[in-house]
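Containing PDB, C-alpha atoms: data.pdb.
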```
ATOM      1  CA  MET Q  11      70.991 123.584  51.531
ATOM      2  CA  ILE Q  12      67.376 124.659  50.920
ATOM      3  CA  LYS Q  13      67.536 123.238  47.395
ATOM      4  CA  ASP Q  14      68.738 119.871  48.715
ATOM      5  CA  TRP Q  15      65.911 119.857  51.278
ATOM      6  CA  ARG Q  16      63.323 120.567  48.592
ATOM      7  CA  THR Q  17      64.744 117.820  46.390
ATOM      8  CA  THR Q  18      64.596 115.340  49.272
ATOM      9  CA  LEU Q  19      61.001 116.340  50.077
ATOM     10  CA  ALA Q  20      59.977 116.002  46.430
ATOM     11  CA  CYS Q  21      61.513 112.531  46.220
ATOM     12  CA  PHE Q  22      59.766 111.536  49.427
ATOM     13  CA  LEU Q  23      56.376 112.741  48.148
ATOM     14  CA  ILE Q  24      56.840 110.911  44.854
ATOM     15  CA  LEU Q  25      57.760 107.721  46.714
ATOM     16  CA  LEU Q  26      54.773 108.123  49.036
ATOM     17  CA  PHE Q  27      52.430 108.641  46.087
ATOM     18  CA  GLY Q  28      53.846 105.584  44.345
ATOM     19  CA  LEU Q  29      53.397 103.409  47.433
ATOM     20  CA  THR Q  30      49.833 104.673  47.881
ATOM     21  CA  MET Q  31      48.922 103.823  44.290
ATOM     22  CA  TYR Q  32      50.582 100.414  44.633
ATOM     23  CA  TYR Q  33      48.630  99.758  47.835
ATOM     24  CA  ILE Q  34      45.353 100.626  46.104
ATOM     25  CA  GLY Q  35      46.196  98.711  42.934
ATOM     26  CA  THR Q  36      47.212  95.584  44.791
ATOM     27  CA  ASP Q  37      44.236  95.523  47.164
ATOM     28  CA  GLY Q  38      46.245  96.550  50.199
ATOM     29  CA  PHE Q  39      49.474  94.726  49.209
ATOM     30  CA  SER Q  40      47.601  91.402  49.387
ATOM     31  CA  ALA Q  41      47.632  91.047  45.606
ATOM     32  CA  PHE Q  42      50.479  91.684  43.219
ATOM     33  CA  THR Q  43      48.543  91.593  39.940
ATOM     34  CA  ALA Q  44      45.173  92.834  38.767
ATOM     35  CA  GLU Q  45      44.038  89.235  38.286
ATOM     36  CA  THR Q  46      44.962  88.283  41.846
ATOM     37  CA  ALA Q  47      43.136  91.332  43.157
ATOM     38  CA  ARG Q  48      40.084  90.347  41.107
ATOM     39  CA  VAL Q  49      40.132  86.812  42.516
ATOM     40  CA  ASN Q  50      40.563  88.053  46.078
ATOM     41  CA  LYS Q  51      37.592  90.380  45.615
ATOM     42  CA  LEU Q  52      35.417  87.562  44.254
ATOM     43  CA  VAL Q  53      36.248  85.179  47.083
ATOM     44  CA  GLN Q  54      35.574  87.918  49.608
ATOM     45  CA  GLU Q  55      32.243  88.971  48.088
ATOM     46  CA  LYS Q  56      31.030  85.402  47.381
ATOM     47  CA  PRO Q  57      28.544  86.187  44.592
ATOM     48  CA  LYS Q  58      25.522  83.947  44.137
ATOM     49  CA  PHE Q  59      25.140  82.057  40.880
ATOM     50  CA  PRO Q  60      22.564  84.038  38.863
ATOM     51  CA  ASP Q  61      19.361  82.570  37.485
ATOM     52  CA  VAL Q  62      20.277  81.189  34.059
ATOM     53  CA  THR Q  63      19.054  78.386  31.819
ATOM     54  CA  PHE Q  64      21.631  75.861  30.665
ATOM     55  CA  GLU Q  65      21.422  73.687  27.585
ATOM     56  CA  ASP Q  66      23.891  70.834  27.849
ATOM     57  CA  SER Q  67      25.489  68.490  25.341
ATOM     58  CA  LYS Q  68      22.490  66.164  25.607
ATOM     59  CA  GLY Q  69      20.085  68.988  24.708
ATOM     60  CA  ARG Q  70      18.639  69.091  28.231
ATOM     61  CA  GLU Q  71      17.613  72.429  29.709
ATOM     62  CA  TYR Q  72      17.776  73.294  33.418
ATOM     63  CA  SER Q  73      18.805  75.978  35.897
ATOM     64  CA  ILE Q  74      21.512  75.945  38.553
ATOM     65  CA  SER Q  75      18.937  74.363  40.868
ATOM     66  CA  GLU Q  76      19.683  71.143  38.979
ATOM     67  CA  PHE Q  77      22.747  70.922  41.217
ATOM     68  CA  LYS Q  78      21.134  72.035  44.467
ATOM     69  CA  GLY Q  79      22.760  70.377  47.469
ATOM     70  CA  LYS Q  80      26.001  69.699  45.580
ATOM     71  CA  TYR Q  81      29.247  71.523  45.012
ATOM     72  CA  VAL Q  82      29.791  72.527  41.388
ATOM     73  CA  PHE Q  83      33.315  72.742  39.973
ATOM     74  CA  ILE Q  84      33.242  75.078  36.978
ATOM     75  CA  THR Q  85      35.303  76.235  34.016
ATOM     76  CA  PHE Q  86      34.444  78.749  31.282
ATOM     77  CA  LEU Q  87      35.511  78.028  27.699
ATOM     78  CA  TYR Q  88      34.681  78.036  24.010
ATOM     79  CA  THR Q  89      35.308  74.972  21.870
ATOM     80  CA  SER Q  90      36.931  76.822  18.953
ATOM     81  CA  CYS Q  91      39.735  77.950  21.262
ATOM     82  CA  THR Q  92      43.137  76.587  20.296
ATOM     83  CA  THR Q  93      45.157  78.176  23.098
ATOM     84  CA  VAL Q  94      44.242  77.988  26.789
ATOM     85  CA  CYS Q  95      40.864  76.167  26.673
ATOM     86  CA  PRO Q  96      42.164  72.700  25.725
ATOM     87  CA  GLN Q  97      44.703  72.892  28.556
ATOM     88  CA  LEU Q  98      42.044  74.214  30.921
ATOM     89  CA  GLU Q  99      39.776  71.249  30.220
ATOM     90  CA  MET Q 100      42.659  68.782  30.299
ATOM     91  CA  ASN Q 101      43.573  70.101  33.732
ATOM     92  CA  MET Q 102      39.962  69.845  34.793
ATOM     93  CA  SER Q 103      40.056  66.179  33.802
ATOM     94  CA  LYS Q 104      43.132  65.717  35.994
ATOM     95  CA  VAL Q 105      41.235  67.096  38.993
ATOM     96  CA  TYR Q 106      38.255  64.905  38.094
ATOM     97  CA  GLU Q 107      40.442  61.800  37.981
ATOM     98  CA  GLN Q 108      41.901  62.471  41.429
ATOM     99  CA  LEU Q 109      38.533  62.528  43.210
ATOM    100  CA  PRO Q 110      36.873  59.299  44.372
ATOM    101  CA  GLN Q 111      33.903  58.285  42.232
ATOM    102  CA  LYS Q 112      31.676  58.033  45.291
ATOM    103  CA  TYR Q 113      31.407  61.827  45.447
ATOM    104  CA  PHE Q 114      30.270  62.356  41.867
ATOM    105  CA  GLY Q 115      26.617  63.066  41.276
ATOM    106  CA  LYS Q 116      25.968  63.006  45.003
ATOM    107  CA  ASP Q 117      28.272  65.618  46.510
ATOM    108  CA  ILE Q 118      29.866  67.327  43.522
ATOM    109  CA  THR Q 119      29.311  67.880  39.803
ATOM    110  CA  PHE Q 120      31.788  69.210  37.245
ATOM    111  CA  LEU Q 121      30.456  71.767  34.762
ATOM    112  CA  SER Q 122      32.165  73.353  31.746
ATOM    113  CA  ILE Q 123      30.272  76.416  30.512
ATOM    114  CA  SER Q 124      30.699  77.792  26.992
ATOM    115  CA  PHE Q 125      30.562  81.557  26.500
ATOM    116  CA  ASP Q 126      30.183  81.046  22.722
ATOM    117  CA  PRO Q 127      26.605  79.697  22.591
ATOM    118  CA  THR Q 128      26.060  80.435  18.890
ATOM    119  CA  ARG Q 129      28.719  77.988  17.751
ATOM    120  CA  ASP Q 130      28.755  75.720  20.782
ATOM    121  CA  ASP Q 131      25.421  73.990  20.268
ATOM    122  CA  PRO Q 132      24.655  70.616  21.925
ATOM    123  CA  THR Q 133      26.125  68.653  19.001
ATOM    124  CA  THR Q 134      29.402  70.576  19.191
ATOM    125  CA  LEU Q 135      29.575  70.256  22.974
ATOM    126  CA  GLU Q 136      28.834  66.539  22.756
ATOM    127  CA  LYS Q 137      31.780  66.048  20.427
ATOM    128  CA  TYR Q 138      34.052  68.290  22.484
ATOM    129  CA  ARG Q 139      33.380  66.538  25.783
ATOM    130  CA  GLY Q 140      34.630  63.287  24.279
ATOM    131  CA  TYR Q 141      38.109  64.753  23.893
ATOM    132  CA  PHE Q 142      38.403  65.039  27.672
ATOM    133  CA  HIS Q 143      36.461  61.927  28.711
ATOM    134  CA  SER Q 144      33.605  63.919  30.221
ATOM    135  CA  ASP Q 145      30.713  61.519  30.833
ATOM    136  CA  GLY Q 146      28.049  64.156  30.226
ATOM    137  CA  GLU Q 147      26.499  63.494  33.636
ATOM    138  CA  THR Q 148      28.880  63.931  36.561
ATOM    139  CA  TRP Q 149      30.916  66.219  34.294
ATOM    140  CA  ARG Q 150      28.669  68.183  31.985
ATOM    141  CA  MET Q 151      29.360  70.658  29.209
ATOM    142  CA  ALA Q 152      26.700  73.283  28.562
ATOM    143  CA  ARG Q 153      25.930  76.637  27.022
ATOM    144  CA  ILE Q 154      23.667  79.501  28.097
ATOM    145  CA  PRO Q 155      21.702  80.486  24.963
ATOM    146  CA  ASN Q 156      20.291  83.692  26.442
ATOM    147  CA  LYS Q 157      22.901  86.449  26.017
ATOM    148  CA  ALA Q 158      21.614  88.583  28.896
ATOM    149  CA  GLU Q 159      21.790  85.602  31.261
ATOM    150  CA  LEU Q 160      25.263  84.667  30.034
ATOM    151  CA  ASP Q 161      26.530  88.232  30.450
ATOM    152  CA  ALA Q 162      25.081  88.371  33.972
ATOM    153  CA  LEU Q 163      26.959  85.212  34.949
ATOM    154  CA  LEU Q 164      30.248  86.336  33.418
ATOM    155  CA  LYS Q 165      29.970  89.678  35.206
ATOM    156  CA  ALA Q 166      29.046  88.108  38.553
ATOM    157  CA  PHE Q 167      32.008  85.707  38.426
ATOM    158  CA  GLY Q 168      34.496  88.205  37.014
ATOM    159  CA  VAL Q 169      35.026  86.279  33.782
ATOM    160  CA  ILE Q 170      36.503  88.624  31.186
ATOM    161  CA  VAL Q 171      35.664  87.704  27.591
ATOM    162  CA  ILE Q 172      36.803  90.002  24.763
ATOM    163  CA  PRO Q 173      35.993  89.059  21.136
ATOM    164  CA  ASP Q 174      38.806  89.731  18.676
ATOM    165  CA  GLY Q 175      36.506  90.176  15.684
ATOM    166  CA  TYR Q 176      37.707  87.003  14.015
ATOM    167  CA  GLY Q 177      35.686  84.460  15.952
ATOM    168  CA  ASN Q 178      38.122  84.098  18.843
ATOM    169  CA  PHE Q 179      38.183  85.530  22.345
ATOM    170  CA  THR Q 180      40.710  86.823  24.819
ATOM    171  CA  HIS Q 181      39.661  85.613  28.255
ATOM    172  CA  ASN Q 182      40.887  84.787  31.726
ATOM    173  CA  SER Q 183      40.799  81.200  32.982
ATOM    174  CA  ALA Q 184      40.412  79.570  36.378
ATOM    175  CA  PHE Q 185      38.617  76.877  38.338
ATOM    176  CA  TYR Q 186      35.479  78.122  40.116
ATOM    177  CA  LEU Q 187      33.875  76.304  43.039
ATOM    178  CA  VAL Q 188      30.207  76.924  43.874
ATOM    179  CA  ASP Q 189      28.778  75.570  47.111
ATOM    180  CA  PRO Q 190      25.515  73.583  47.564
ATOM    181  CA  LYS Q 191      23.606  76.854  48.030
ATOM    182  CA  GLY Q 192      24.791  78.269  44.715
ATOM    183  CA  VAL Q 193      27.378  80.647  46.170
ATOM    184  CA  LEU Q 194      30.861  81.079  44.728
ATOM    185  CA  VAL Q 195      33.255  80.068  47.505
ATOM    186  CA  ASP Q 196      36.611  79.732  45.754
ATOM    187  CA  VAL Q 197      38.540  80.573  42.589
ATOM    188  CA  MET Q 198      41.566  78.369  41.962
ATOM    189  CA  ASP Q 199      44.578  78.456  39.670
ATOM    190  CA  TYR Q 200      43.772  76.041  36.836
ATOM    191  CA  LYS Q 201      47.463  75.196  36.440
ATOM    192  CA  LYS Q 202      47.674  73.808  39.993
ATOM    193  CA  THR Q 203      45.608  70.670  39.560
ATOM    194  CA  ASP Q 204      46.979  68.756  42.550
ATOM    195  CA  GLU Q 205      46.329  71.716  44.824
ATOM    196  CA  ALA Q 206      42.777  72.084  43.519
ATOM    197  CA  ALA Q 207      42.037  68.371  43.944
ATOM    198  CA  LYS Q 208      43.415  68.397  47.480
ATOM    199  CA  LYS Q 209      41.338  71.437  48.420
ATOM    200  CA  ILE Q 210      38.148  69.883  47.045
ATOM    201  CA  MET Q 211      38.846  66.590  48.818
ATOM    202  CA  GLU Q 212      39.242  68.399  52.133
ATOM    203  CA  ILE Q 213      35.938  70.196  51.591
ATOM    204  CA  LEU Q 214      34.066  67.040  50.618
ATOM    205  CA  LYS Q 215      35.438  65.063  53.531
ATOM    206  CA  ARG Q 216      34.467  67.808  55.915
ATOM    207  CA  GLU Q 217      30.981  68.088  54.428
ATOM    208  CA  THR Q 218      30.377  64.339  54.537
ATOM    209  CA  GLY Q 219      31.832  63.965  58.024
ATOM    210  CA  GLU Q 220      34.693  61.680  57.000
TER     211      GLU Q 220
END
```

Take the structure in the file and give it back as structure tokens.
Amino acid sequence: MIKDWRTTLACFLILLFGLTMYYIGTDGFSAFTAETARVNKLVQEKPKFPDVTFEDSKGREYSISEFKGKYVFITFLYTSCTTVCPQLEMNMSKVYEQLPQKYFGKDITFLSISFDPTRDDPTTLEKYRGYFHSDGETWRMARIPNKAELDALLKAFGVIVIPDGYGNFTHNSAFYLVDPKGVLVDVMDYKKTDEAAKKIMEILKRETGE
């Protein structure tokens, strides 16, 4: 009888420990994967876009203040990627196409940021943007030449980039929305383009009083 009681207690303690670890690992049961927990944490903390200098496909240099007063819809990529990046940018183009032109340049700008600045120079970015019908103005592609600045941005926005030693990278992918004050306000699933477009439309309509 005592042995059975001890066995039951041991099982209960193991179950309790497992549930506690699951609770911690899933951010209080609100997330079921590490990536979801990461996104939830980012949206909650709302990090500010760090001070970096962009160089875009036109060779122009500027800071995030270039987009002051506008929302910025962002992706992170590298042009040599043959896996997720082409789909990421194709999906970005689908969101772009769903938004009315009247908002572009005035209320929102699209920005694709390369985390491979050595290879992704302005000439390479200029060629790459053509594959997705980016106009280079309302949807820009740029790099951050300064490694320290690039690393600071990737860290602030929770972008994980791991080089494989052969010129490629393992990385996470998402849509990032920065508000007119330069604060990250949302991280969206890049596979859900209709949902992302709808969410942005609601925000823009609210901001413009429509």

Residue neighbourhood Lys104 of chain Q, 9 Å, only C-alpha atoms, exclusion window fewer than 5 positions, as a PyMOL selection string: chain Q and resi 99+203-204+207

List the residues matched by the PyMOL selection byres ((chain Q and resi 102) around 9) in the displayed structure as a list in words, ordered by chain and then by residue number.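 Going through the file, the PyMOL selection byres ((chain Q and resi 102) around 9) ends up selecting Phe83, Ile84, Thr85, Gln97, Leu98, Glu99, Met100, Asn101, Ser103, Lys104, Val105, Tyr106, Glu107, Phe120, Phe142, Phe185, Tyr200 and Thr203 of chain Q.
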
Those selected residues, please, written with C-alpha atoms and delivered as a short mmCIF file (atom, residue, chain, number, x, y, z; two decimals), keeping the file's coordinate frame.
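Output below, filename again_4.cif:
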```
data_model
loop_
_atom_site.label_atom_id
_atom_site.label_comp_id
_atom_site.auth_asym_id
_atom_site.auth_seq_id
_atom_site.Cartn_x
_atom_site.Cartn_y
_atom_site.Cartn_z
CA PHE Q 83 33.32 72.74 39.97
CA ILE Q 84 33.24 75.08 36.98
CA THR Q 85 35.30 76.24 34.02
CA GLN Q 97 44.70 72.89 28.56
CA LEU Q 98 42.04 74.21 30.92
CA GLU Q 99 39.78 71.25 30.22
CA MET Q 100 42.66 68.78 30.30
CA ASN Q 101 43.57 70.10 33.73
CA SER Q 103 40.06 66.18 33.80
CA LYS Q 104 43.13 65.72 35.99
CA VAL Q 105 41.24 67.10 38.99
CA TYR Q 106 38.26 64.90 38.09
CA GLU Q 107 40.44 61.80 37.98
CA PHE Q 120 31.79 69.21 37.24
CA PHE Q 142 38.40 65.04 27.67
CA PHE Q 185 38.62 76.88 38.34
CA TYR Q 200 43.77 76.04 36.84
CA THR Q 203 45.61 70.67 39.56
#
```

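Distance-wise, atom CA of Asn156 of chain Q and atom CA of Thr92 of chain Q end up 24.7 Å apart.
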
Quick one: apply the PyMOL selection byres ((chain Q and resi 69-78) around 12) to the file and drop the selected residues here as a count of residues only. 51

Excluding same-chain residues fewer than 2 positions from Val171 of chain Q, what lies within 9 Å of it counting all atoms listed in the file, as a list of chain:residue names?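 Answer for this query is Q:Phe125, Q:Leu164, Q:Val169, Q:Pro173, Q:Phe179, Q:Thr180, Q:His181, Q:Asn182.
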
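What the PyMOL selection byres ((chain Q and resi 56) around 7) matches in the given file is Leu52, Val53, Gln54, Glu55, Pro57, Lys58, Val193, Leu194 and Val195 of chain Q.
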
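Neighbours of Ser90 of chain Q closer than or equal to 9 Å, with all atoms listed in the file counted and sequence neighbours fewer than 6 positions away skipped, come out as Q:Asp126, Q:Arg129, Q:Asp130, Q:Gly177, Q:Asn178.
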
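Of the listed residues (Q:Ile170, Q:Val94, Q:Ala162, Q:Leu109), Q:Leu109 comes nearest to Leu214 of chain Q; the distances count all atoms listed in the file.
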
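With atom CA of Val197 of chain Q on one side and atom CA of Gln111 of chain Q on the other, the separation reads 22.8 Å.
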
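The gap separating atom CA of Leu87 of chain Q from atom CA of Ser122 of chain Q is 7.0 Å, in Å to one decimal.
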
Shortest contact to Asn50 of chain Q, candidates Q:Ile213, Q:Phe167, Q:Cys91, Q:Glu205, atoms counted only C-alpha atoms, goes to Q:Phe167
